$ cat upload09.csv   # CSV, N, CA and C atoms
chain,number,residue,atom,x,y,z
A,155,MET,N,-4.3,14.1,-9.7
A,155,MET,CA,-3.9,13.2,-8.6
A,155,MET,C,-4.1,11.8,-9.1
A,156,LYS,N,-3.0,11.0,-8.8
A,156,LYS,CA,-3.0,9.6,-9.3
A,156,LYS,C,-3.3,8.7,-8.1
A,157,GLY,N,-3.8,7.5,-8.4
A,157,GLY,CA,-4.1,6.5,-7.3
A,157,GLY,C,-4.3,5.1,-7.9
A,158,THR,N,-4.7,4.3,-7.0
A,158,THR,CA,-5.1,2.9,-7.4
A,158,THR,C,-6.4,2.5,-6.8
A,159,LEU,N,-7.0,1.6,-7.5
A,159,LEU,CA,-8.3,1.0,-7.0
A,159,LEU,C,-8.1,-0.5,-7.0
A,160,LYS,N,-8.2,-1.1,-5.8
A,160,LYS,CA,-8.0,-2.6,-5.7
A,160,LYS,C,-9.3,-3.2,-5.4
A,161,VAL,N,-9.6,-4.3,-6.2
A,161,VAL,CA,-10.9,-5.0,-6.1
A,161,VAL,C,-10.6,-6.5,-6.3
A,162,PHE,N,-11.6,-7.3,-5.9
A,162,PHE,CA,-11.5,-8.8,-6.2
A,162,PHE,C,-11.9,-8.9,-7.6
A,163,ALA,N,-11.2,-9.7,-8.4
A,163,ALA,CA,-11.4,-9.9,-9.8
A,163,ALA,C,-12.8,-10.4,-10.1
A,164,ASP,N,-13.3,-11.4,-9.4
A,164,ASP,CA,-14.6,-12.0,-9.7
A,164,ASP,C,-15.7,-11.0,-9.4
A,165,ASP,N,-15.6,-10.2,-8.3
A,165,ASP,CA,-16.6,-9.2,-8.0
A,165,ASP,C,-16.6,-8.1,-9.1
A,166,TRP,N,-15.4,-7.7,-9.6
A,166,TRP,CA,-15.4,-6.7,-10.6
A,166,TRP,C,-16.0,-7.2,-11.9
A,167,GLU,N,-15.7,-8.4,-12.3
A,167,GLU,CA,-16.2,-9.0,-13.5
A,167,GLU,C,-17.7,-9.1,-13.4
A,168,THR,N,-18.3,-9.4,-12.3
A,168,THR,CA,-19.7,-9.4,-12.1
A,168,THR,C,-20.3,-8.0,-12.3
A,169,ALA,N,-19.6,-7.0,-11.7
A,169,ALA,CA,-20.1,-5.6,-11.8
A,169,ALA,C,-20.1,-5.0,-13.2
A,170,VAL,N,-19.0,-5.3,-13.9
A,170,VAL,CA,-18.9,-4.7,-15.3
A,170,VAL,C,-19.6,-5.6,-16.4
A,171,GLY,N,-19.9,-6.8,-16.0
A,171,GLY,CA,-20.5,-7.7,-17.0
A,171,GLY,C,-19.6,-8.2,-18.1
A,172,ALA,N,-18.3,-8.3,-17.8
A,172,ALA,CA,-17.3,-8.8,-18.7
A,172,ALA,C,-16.2,-9.4,-17.9
A,173,GLN,N,-15.5,-10.4,-18.6
A,173,GLN,CA,-14.3,-11.0,-18.0
A,173,GLN,C,-13.1,-10.3,-18.5
A,174,GLU,N,-12.0,-10.4,-17.7
A,174,GLU,CA,-10.7,-9.7,-18.1
A,174,GLU,C,-10.3,-10.1,-19.5
A,175,LYS,N,-10.5,-11.3,-19.9
A,175,LYS,CA,-10.0,-11.8,-21.2
A,175,LYS,C,-10.9,-11.2,-22.4
A,176,ASP,N,-12.1,-10.7,-22.1
A,176,ASP,CA,-13.0,-10.2,-23.1
A,176,ASP,C,-12.4,-8.9,-23.8
A,177,SER,N,-12.6,-8.7,-25.1
A,177,SER,CA,-12.0,-7.6,-25.8
A,177,SER,C,-12.7,-6.2,-25.3
A,178,ASN,N,-13.9,-6.3,-24.7
A,178,ASN,CA,-14.5,-5.0,-24.3
A,178,ASN,C,-14.4,-4.8,-22.8
A,179,PHE,N,-13.6,-5.6,-22.1
A,179,PHE,CA,-13.4,-5.5,-20.7
A,179,PHE,C,-12.9,-4.1,-20.2
A,180,LYS,N,-11.9,-3.6,-20.9
A,180,LYS,CA,-11.3,-2.3,-20.5
A,180,LYS,C,-12.4,-1.2,-20.6
A,181,ALA,N,-13.1,-1.2,-21.8
A,181,ALA,CA,-14.1,-0.2,-22.0
A,181,ALA,C,-15.2,-0.2,-21.0
A,182,LYS,N,-15.7,-1.4,-20.7
A,182,LYS,CA,-16.7,-1.6,-19.7
A,182,LYS,C,-16.3,-1.2,-18.3
A,183,SER,N,-15.0,-1.5,-18.0
A,183,SER,CA,-14.5,-1.2,-16.7
A,183,SER,C,-14.4,0.4,-16.6
A,184,GLU,N,-14.0,1.0,-17.6
A,184,GLU,CA,-13.9,2.5,-17.5
A,184,GLU,C,-15.3,3.1,-17.4
A,185,ILE,N,-16.2,2.6,-18.1
A,185,ILE,CA,-17.6,3.1,-18.0
A,185,ILE,C,-18.1,2.9,-16.6
A,186,TYR,N,-18.0,1.7,-16.1
A,186,TYR,CA,-18.4,1.5,-14.7
A,186,TYR,C,-17.7,2.4,-13.7
A,187,LEU,N,-16.4,2.5,-13.8
A,187,LEU,CA,-15.7,3.3,-12.8
A,187,LEU,C,-16.1,4.7,-12.9
A,188,GLN,N,-16.2,5.3,-14.1
A,188,GLN,CA,-16.6,6.7,-14.3
A,188,GLN,C,-18.0,7.0,-13.8
A,189,LYS,N,-18.9,6.0,-13.8
A,189,LYS,CA,-20.2,6.2,-13.3
A,189,LYS,C,-20.2,6.1,-11.7
A,190,ASN,N,-19.4,5.3,-11.2
A,190,ASN,CA,-19.5,4.9,-9.8
A,190,ASN,C,-18.4,5.5,-8.9
A,191,PHE,N,-17.4,6.2,-9.4
A,191,PHE,CA,-16.3,6.8,-8.6
A,191,PHE,C,-15.9,8.0,-9.3
A,192,TYR,N,-16.3,9.2,-8.7
A,192,TYR,CA,-15.9,10.5,-9.3
A,192,TYR,C,-15.9,11.6,-8.3
A,193,LEU,N,-15.3,12.7,-8.7
A,193,LEU,CA,-15.3,13.9,-7.8
A,193,LEU,C,-16.4,14.9,-8.3
A,194,ALA,N,-17.0,15.5,-7.4
A,194,ALA,CA,-17.9,16.6,-7.7
A,194,ALA,C,-17.4,17.9,-7.1
A,195,ILE,N,-17.2,18.9,-8.0
A,195,ILE,CA,-16.8,20.2,-7.5
A,195,ILE,C,-17.9,21.1,-8.0
A,196,GLY,N,-18.8,21.5,-7.1
A,196,GLY,CA,-20.0,22.2,-7.4
A,196,GLY,C,-20.8,21.3,-8.3
A,197,LYS,N,-21.1,21.8,-9.5
A,197,LYS,CA,-21.9,21.0,-10.5
A,197,LYS,C,-21.0,20.3,-11.5
A,198,LYS,N,-19.7,20.5,-11.4
A,198,LYS,CA,-18.7,19.9,-12.3
A,198,LYS,C,-18.4,18.5,-11.8
A,199,LYS,N,-18.4,17.5,-12.7
A,199,LYS,CA,-18.1,16.1,-12.4
A,199,LYS,C,-16.7,15.8,-13.0
A,200,ILE,N,-15.8,15.3,-12.1
A,200,ILE,CA,-14.4,14.9,-12.6
A,200,ILE,C,-14.4,13.4,-12.5
A,201,VAL,N,-14.3,12.7,-13.7
A,201,VAL,CA,-14.2,11.3,-13.7
A,201,VAL,C,-12.7,10.9,-13.8
A,202,PRO,N,-12.4,9.7,-13.3
A,202,PRO,CA,-11.1,9.2,-13.3
A,202,PRO,C,-10.7,8.7,-14.7
A,203,VAL,N,-9.5,8.8,-15.1
A,203,VAL,CA,-8.9,8.3,-16.3
A,203,VAL,C,-8.2,7.0,-15.9
A,204,VAL,N,-8.5,5.9,-16.5
A,204,VAL,CA,-7.9,4.6,-16.2
A,204,VAL,C,-6.5,4.6,-17.0
A,205,LEU,N,-5.4,4.5,-16.3
A,205,LEU,CA,-4.1,4.5,-16.9
A,205,LEU,C,-3.7,3.1,-17.2
A,206,GLY,N,-4.2,2.1,-16.5
A,206,GLY,CA,-3.9,0.7,-16.8
A,206,GLY,C,-4.5,-0.1,-15.7
A,207,SER,N,-4.3,-1.4,-15.8
A,207,SER,CA,-4.7,-2.4,-14.8
A,207,SER,C,-3.8,-3.6,-14.8
A,208,LYS,N,-3.8,-4.4,-13.7
A,208,LYS,CA,-3.2,-5.7,-13.7
A,208,LYS,C,-3.8,-6.6,-12.7
A,209,THR,N,-3.7,-7.9,-12.9
A,209,THR,CA,-4.2,-8.8,-12.0
A,209,THR,C,-3.1,-9.3,-11.1
A,210,ILE,N,-3.4,-9.4,-9.8
A,210,ILE,CA,-2.4,-9.9,-8.8
A,210,ILE,C,-3.0,-11.2,-8.3
A,211,ASN,N,-2.1,-12.2,-8.3
A,211,ASN,CA,-2.4,-13.6,-7.7
A,211,ASN,C,-3.8,-14.1,-8.2
A,212,THR,N,-4.2,-13.8,-9.4
A,212,THR,CA,-5.5,-14.3,-10.0
A,212,THR,C,-6.8,-13.9,-9.3
A,213,GLN,N,-6.7,-13.3,-8.1
A,213,GLN,CA,-7.9,-13.0,-7.3
A,213,GLN,C,-8.1,-11.5,-7.3
A,214,GLN,N,-7.1,-10.7,-7.3
A,214,GLN,CA,-7.2,-9.2,-7.1
A,214,GLN,C,-6.9,-8.5,-8.4
A,215,MET,N,-7.6,-7.4,-8.7
A,215,MET,CA,-7.2,-6.5,-9.8
A,215,MET,C,-6.9,-5.2,-9.2
A,216,VAL,N,-5.9,-4.5,-9.8
A,216,VAL,CA,-5.5,-3.2,-9.5
A,216,VAL,C,-5.7,-2.3,-10.7
A,217,PHE,N,-6.4,-1.2,-10.5
A,217,PHE,CA,-6.6,-0.2,-11.6
A,217,PHE,C,-5.8,1.0,-11.2
A,218,PHE,N,-5.0,1.5,-12.1
A,218,PHE,CA,-4.2,2.7,-11.9
A,218,PHE,C,-5.0,3.8,-12.5
A,219,ILE,N,-5.4,4.8,-11.7
A,219,ILE,CA,-6.3,5.8,-12.1
A,219,ILE,C,-5.7,7.2,-11.9
A,220,GLU,N,-6.3,8.2,-12.5
A,220,GLU,CA,-5.9,9.6,-12.3
A,220,GLU,C,-7.0,10.5,-12.4
A,221,PHE,N,-7.1,11.4,-11.5
A,221,PHE,CA,-8.1,12.5,-11.6
A,221,PHE,C,-7.3,13.7,-12.0
A,222,LYS,N,-7.5,14.2,-13.2
A,222,LYS,CA,-6.7,15.3,-13.8
A,222,LYS,C,-7.2,16.6,-13.1
A,223,ASN,N,-6.3,17.5,-12.8
A,223,ASN,CA,-6.6,18.8,-12.2
A,223,ASN,C,-7.3,18.7,-10.9
A,224,ALA,N,-7.0,17.7,-10.0
A,224,ALA,CA,-7.7,17.5,-8.8
A,224,ALA,C,-6.7,17.4,-7.6
A,225,ASN,N,-5.6,18.2,-7.6
A,225,ASN,CA,-4.6,18.1,-6.5
A,225,ASN,C,-5.1,18.8,-5.3
A,226,SER,N,-5.7,20.0,-5.4
A,226,SER,CA,-6.2,20.7,-4.3
A,226,SER,C,-7.7,21.0,-4.4
A,227,VAL,N,-8.4,20.0,-4.5
A,227,VAL,CA,-9.9,20.1,-4.7
A,227,VAL,C,-10.7,20.3,-3.4
A,228,LYS,N,-11.6,21.1,-3.5
A,228,LYS,CA,-12.6,21.2,-2.4
A,228,LYS,C,-14.0,20.8,-3.0
A,229,GLY,N,-14.5,19.7,-2.6
A,229,GLY,CA,-15.7,19.2,-3.2
A,229,GLY,C,-16.1,17.9,-2.5
A,230,GLU,N,-16.5,16.9,-3.3
A,230,GLU,CA,-17.0,15.7,-2.8
A,230,GLU,C,-16.5,14.5,-3.6
A,231,ILE,N,-16.2,13.4,-2.9
A,231,ILE,CA,-15.9,12.1,-3.5
A,231,ILE,C,-17.3,11.3,-3.5
A,232,HIS,N,-17.6,10.8,-4.7
A,232,HIS,CA,-18.8,9.9,-4.8
A,232,HIS,C,-18.2,8.6,-5.1
A,233,ASN,N,-18.6,7.6,-4.3
A,233,ASN,CA,-18.1,6.2,-4.5
A,233,ASN,C,-19.2,5.2,-4.2
A,234,THR,N,-19.6,4.6,-5.3
A,234,THR,CA,-20.6,3.5,-5.2
A,234,THR,C,-20.1,2.2,-5.8
A,235,VAL,N,-18.8,2.1,-5.9
A,235,VAL,CA,-18.1,0.9,-6.5
A,235,VAL,C,-18.5,-0.3,-5.7
A,236,LEU,N,-19.2,-1.3,-6.4
A,236,LEU,CA,-19.6,-2.6,-5.9
A,236,LEU,C,-20.7,-2.4,-4.8
A,237,LEU,N,-21.0,-1.3,-4.3
A,237,LEU,CA,-22.0,-1.1,-3.2
A,237,LEU,C,-23.4,-1.6,-3.6
A,238,ASP,N,-23.7,-1.5,-4.8
A,238,ASP,CA,-25.1,-2.0,-5.3
A,238,ASP,C,-25.2,-3.5,-5.4
A,239,LEU,N,-24.0,-4.2,-5.4
A,239,LEU,CA,-24.0,-5.6,-5.6
A,239,LEU,C,-23.9,-6.4,-4.3
A,240,PHE,N,-23.3,-5.8,-3.3
A,240,PHE,CA,-23.0,-6.5,-2.0
A,240,PHE,C,-23.4,-5.6,-0.9
A,241,GLU,N,-24.5,-6.1,-0.1
A,241,GLU,CA,-25.0,-5.3,1.0
A,241,GLU,C,-24.0,-5.0,2.1
A,242,ASP,N,-23.0,-5.9,2.2
A,242,ASP,CA,-22.0,-5.7,3.3
A,242,ASP,C,-20.7,-5.1,2.7
A,243,GLN,N,-20.7,-4.6,1.5
A,243,GLN,CA,-19.5,-4.0,0.9
A,243,GLN,C,-19.1,-2.8,1.6
A,244,GLN,N,-17.8,-2.6,1.8
A,244,GLN,CA,-17.3,-1.4,2.3
A,244,GLN,C,-16.1,-1.0,1.5
A,245,ASN,N,-16.0,0.3,1.2
A,245,ASN,CA,-14.8,0.8,0.4
A,245,ASN,C,-14.0,1.8,1.2
A,246,LEU,N,-12.8,1.8,1.1
A,246,LEU,CA,-11.9,2.7,1.8
A,246,LEU,C,-11.1,3.5,0.7
A,247,VAL,N,-11.2,4.8,0.9
A,247,VAL,CA,-10.5,5.7,0.0
A,247,VAL,C,-9.5,6.6,0.8
A,248,HIS,N,-8.3,6.6,0.3
A,248,HIS,CA,-7.3,7.5,0.9
A,248,HIS,C,-7.1,8.7,0.0
A,249,TRP,N,-7.4,9.9,0.5
A,249,TRP,CA,-7.3,11.1,-0.3
A,249,TRP,C,-6.3,12.0,0.4
A,250,GLY,N,-5.2,12.2,-0.1
A,250,GLY,CA,-4.2,13.1,0.6
A,250,GLY,C,-3.8,12.4,1.9
A,251,LYS,N,-3.9,13.1,3.0
A,251,LYS,CA,-3.6,12.5,4.3
A,251,LYS,C,-4.8,12.0,5.0
A,252,LYS,N,-5.9,12.0,4.4
A,252,LYS,CA,-7.2,11.5,5.0
A,252,LYS,C,-7.6,10.2,4.4
A,253,SER,N,-8.4,9.4,5.2
A,253,SER,CA,-9.0,8.2,4.7
A,253,SER,C,-10.5,8.3,5.0
A,254,PHE,N,-11.3,7.8,4.0
A,254,PHE,CA,-12.7,7.8,4.1
A,254,PHE,C,-13.3,6.4,3.9
A,255,GLY,N,-14.4,6.1,4.6
A,255,GLY,CA,-15.0,4.8,4.4
A,255,GLY,C,-16.4,5.1,3.7
A,256,PHE,N,-16.7,4.1,2.8
A,256,PHE,CA,-18.0,4.2,2.1
A,256,PHE,C,-18.7,2.9,2.3
A,257,THR,N,-20.0,3.0,2.4
A,257,THR,CA,-20.9,1.9,2.6
A,257,THR,C,-22.2,2.2,1.7
A,258,PRO,N,-23.1,1.2,1.6
A,258,PRO,CA,-24.3,1.5,0.9
A,258,PRO,C,-25.1,2.6,1.4
A,259,GLU,N,-24.9,2.9,2.7
A,259,GLU,CA,-25.7,4.0,3.4
A,259,GLU,C,-24.9,5.3,3.3
A,260,LYS,N,-23.6,5.3,3.0
A,260,LYS,CA,-22.8,6.5,2.9
A,260,LYS,C,-21.9,6.4,1.7
A,261,THR,N,-22.3,7.2,0.7
A,261,THR,CA,-21.6,7.1,-0.6
A,261,THR,C,-21.0,8.4,-1.0
A,262,ILE,N,-21.1,9.4,-0.2
A,262,ILE,CA,-20.5,10.7,-0.5
A,262,ILE,C,-19.7,11.2,0.7
A,263,GLU,N,-18.5,11.8,0.4
A,263,GLU,CA,-17.7,12.3,1.5
A,263,GLU,C,-17.1,13.7,1.0
A,264,LYS,N,-17.2,14.7,1.9
A,264,LYS,CA,-16.6,16.0,1.6
A,264,LYS,C,-15.1,16.0,1.7
A,265,ILE,N,-14.5,16.6,0.7
A,265,ILE,CA,-13.0,16.7,0.8
A,265,ILE,C,-12.6,18.2,0.6
A,266,GLY,N,-11.4,18.5,0.9
A,266,GLY,CA,-10.9,19.8,0.6
A,266,GLY,C,-9.9,20.3,1.6
A,267,PRO,N,-9.2,21.4,1.2
A,267,PRO,CA,-8.1,21.9,2.0
A,267,PRO,C,-8.6,22.5,3.3
$ encode --input "upload09.csv" --output "structure tokens"
Amino acid sequence: MKGTLKVFADDWETAVGAQEKDSNFKAKSEIYLQKNFYLAIGKKKIVPVVLGSKTINTQQMVFFIEFKNANSVKGEIHNTVLLDLFEDQQNLVHWGKKSFGFTPEKTIEKIGP
């Protein structure tokens, strides 16, 4: 399953500890994303593959991601992206025909057919 992750560039750079122009930015972004946004199917953890990224209007970044072999998954979405940095942060994830909200108090959501 493919998707996108949209974030504010300055928030993302704070979270990963690197700026977009840095040579290690992509690697740090992938490490951060795989730690903070993944699927759990039982004890199996499926991390996203970053297919690419681009900056929009100098303020927003879009990451193109893919969860391989996750089209009809029954499990959980784990999402803590930026939640540890900003107490009022809220994340919205669209999965198939459903949408889920994530907050510092709610970081896991069950998914499945």
$ atom_distance --input "upload09.csv" --atom1 "CA of Glu174 in chain A" --atom2 "CA of Val204 in chain A"
14.7 Å
$ residues_near_point --input "upload09.csv" --point "(-19.3, 14.4, 2.4)" --cutoff "8 Å" --atoms "all atoms listed in the file" --output "compact mmCIF listing (two decimals) with N, CA and C atoms, in the frame of the given file"
# COMPACT_ATOMS: atom_id res chain seq x y z
N GLY A 229 -14.50 19.70 -2.60
CA GLY A 229 -15.70 19.20 -3.20
C GLY A 229 -16.10 17.90 -2.50
N GLU A 230 -16.50 16.90 -3.30
CA GLU A 230 -17.00 15.70 -2.80
C GLU A 230 -16.50 14.50 -3.60
N ILE A 231 -16.20 13.40 -2.90
CA ILE A 231 -15.90 12.10 -3.50
C ILE A 231 -17.30 11.30 -3.50
N THR A 261 -22.30 7.20 0.70
CA THR A 261 -21.60 7.10 -0.60
C THR A 261 -21.00 8.40 -1.00
N ILE A 262 -21.10 9.40 -0.20
CA ILE A 262 -20.50 10.70 -0.50
C ILE A 262 -19.70 11.20 0.70
N GLU A 263 -18.50 11.80 0.40
CA GLU A 263 -17.70 12.30 1.50
C GLU A 263 -17.10 13.70 1.00
N LYS A 264 -17.20 14.70 1.90
CA LYS A 264 -16.60 16.00 1.60
C LYS A 264 -15.10 16.00 1.70
N ILE A 265 -14.50 16.60 0.70
CA ILE A 265 -13.00 16.70 0.80
C ILE A 265 -12.60 18.20 0.60
$ select_by_dssp --input "upload09.csv" --residues "chain A" --states "strand (DSSP E)" --output "number ranges by chain"
A: 156-162, 191-195, 198-200, 203-210, 214-220, 229-233, 245-249, 252-256, 262-265
$ atom_distance --input "upload09.csv" --atom1 "CA of Glu184 in chain A" --atom2 "CA of Phe217 in chain A"
9.8 Å
$ closest_residue --input "upload09.csv" --among "A:Lys156, A:Lys228, A:Lys251, A:Leu239" --to "Gly196 in chain A" --atoms "only C-alpha atoms"
A:Lys228
$ decode --input "upload09.csv" --residues "range 160-181 of chain A" --atoms "N, CA and C atoms" --output "PDB file, in the first residue's frame"
ATOM      1  N   LYS A 160       2.569  14.140   5.005  1.00  0.00           N
ATOM      2  CA  LYS A 160       2.779  15.580   4.863  1.00  0.00           C
ATOM      3  C   LYS A 160       3.096  16.174   6.218  1.00  0.00           C
ATOM      4  N   VAL A 161       4.173  16.963   6.277  1.00  0.00           N
ATOM      5  CA  VAL A 161       4.607  17.590   7.520  1.00  0.00           C
ATOM      6  C   VAL A 161       5.136  18.987   7.227  1.00  0.00           C
ATOM      7  N   PHE A 162       5.218  19.802   8.268  1.00  0.00           N
ATOM      8  CA  PHE A 162       5.884  21.094   8.120  1.00  0.00           C
ATOM      9  C   PHE A 162       7.387  20.854   8.130  1.00  0.00           C
ATOM     10  N   ALA A 163       8.076  21.464   7.202  1.00  0.00           N
ATOM     11  CA  ALA A 163       9.510  21.224   7.017  1.00  0.00           C
ATOM     12  C   ALA A 163      10.314  21.531   8.273  1.00  0.00           C
ATOM     13  N   ASP A 164      10.047  22.652   8.926  1.00  0.00           N
ATOM     14  CA  ASP A 164      10.840  23.006  10.103  1.00  0.00           C
ATOM     15  C   ASP A 164      10.595  22.033  11.261  1.00  0.00           C
ATOM     16  N   ASP A 165       9.362  21.554  11.418  1.00  0.00           N
ATOM     17  CA  ASP A 165       9.067  20.562  12.455  1.00  0.00           C
ATOM     18  C   ASP A 165       9.809  19.260  12.169  1.00  0.00           C
ATOM     19  N   TRP A 166       9.797  18.841  10.910  1.00  0.00           N
ATOM     20  CA  TRP A 166      10.455  17.591  10.523  1.00  0.00           C
ATOM     21  C   TRP A 166      11.957  17.687  10.753  1.00  0.00           C
ATOM     22  N   GLU A 167      12.548  18.812  10.361  1.00  0.00           N
ATOM     23  CA  GLU A 167      13.991  18.995  10.542  1.00  0.00           C
ATOM     24  C   GLU A 167      14.362  18.968  12.021  1.00  0.00           C
ATOM     25  N   THR A 168      13.509  19.516  12.875  1.00  0.00           N
ATOM     26  CA  THR A 168      13.739  19.447  14.320  1.00  0.00           C
ATOM     27  C   THR A 168      13.674  17.998  14.798  1.00  0.00           C
ATOM     28  N   ALA A 169      12.698  17.253  14.312  1.00  0.00           N
ATOM     29  CA  ALA A 169      12.514  15.867  14.748  1.00  0.00           C
ATOM     30  C   ALA A 169      13.666  14.967  14.329  1.00  0.00           C
ATOM     31  N   VAL A 170      14.135  15.116  13.098  1.00  0.00           N
ATOM     32  CA  VAL A 170      15.176  14.198  12.608  1.00  0.00           C
ATOM     33  C   VAL A 170      16.594  14.695  12.906  1.00  0.00           C
ATOM     34  N   GLY A 171      16.725  15.954  13.295  1.00  0.00           N
ATOM     35  CA  GLY A 171      18.036  16.486  13.640  1.00  0.00           C
ATOM     36  C   GLY A 171      18.907  16.794  12.444  1.00  0.00           C
ATOM     37  N   ALA A 172      18.284  17.088  11.321  1.00  0.00           N
ATOM     38  CA  ALA A 172      19.042  17.435  10.119  1.00  0.00           C
ATOM     39  C   ALA A 172      18.179  18.307   9.228  1.00  0.00           C
ATOM     40  N   GLN A 173      18.831  19.105   8.401  1.00  0.00           N
ATOM     41  CA  GLN A 173      18.115  19.944   7.437  1.00  0.00           C
ATOM     42  C   GLN A 173      18.090  19.248   6.087  1.00  0.00           C
ATOM     43  N   GLU A 174      17.121  19.638   5.275  1.00  0.00           N
ATOM     44  CA  GLU A 174      16.938  18.981   3.980  1.00  0.00           C
ATOM     45  C   GLU A 174      18.195  19.040   3.114  1.00  0.00           C
ATOM     46  N   LYS A 175      18.975  20.080   3.251  1.00  0.00           N
ATOM     47  CA  LYS A 175      20.183  20.222   2.427  1.00  0.00           C
ATOM     48  C   LYS A 175      21.338  19.335   2.913  1.00  0.00           C
ATOM     49  N   ASP A 176      21.238  18.763   4.121  1.00  0.00           N
ATOM     50  CA  ASP A 176      22.293  17.914   4.664  1.00  0.00           C
ATOM     51  C   ASP A 176      22.358  16.578   3.918  1.00  0.00           C
ATOM     52  N   SER A 177      23.567  16.067   3.762  1.00  0.00           N
ATOM     53  CA  SER A 177      23.746  14.811   3.028  1.00  0.00           C
ATOM     54  C   SER A 177      23.104  13.617   3.747  1.00  0.00           C
ATOM     55  N   ASN A 178      22.960  13.682   5.053  1.00  0.00           N
ATOM     56  CA  ASN A 178      22.386  12.563   5.810  1.00  0.00           C
ATOM     57  C   ASN A 178      20.894  12.744   6.110  1.00  0.00           C
ATOM     58  N   PHE A 179      20.264  13.742   5.516  1.00  0.00           N
ATOM     59  CA  PHE A 179      18.858  14.040   5.794  1.00  0.00           C
ATOM     60  C   PHE A 179      17.944  12.867   5.435  1.00  0.00           C
ATOM     61  N   LYS A 180      18.132  12.290   4.248  1.00  0.00           N
ATOM     62  CA  LYS A 180      17.254  11.198   3.814  1.00  0.00           C
ATOM     63  C   LYS A 180      17.391   9.998   4.749  1.00  0.00           C
ATOM     64  N   ALA A 181      18.606   9.641   5.082  1.00  0.00           N
ATOM     65  CA  ALA A 181      18.824   8.489   5.966  1.00  0.00           C
ATOM     66  C   ALA A 181      18.211   8.734   7.343  1.00  0.00           C
TER      67      ALA A 181
END
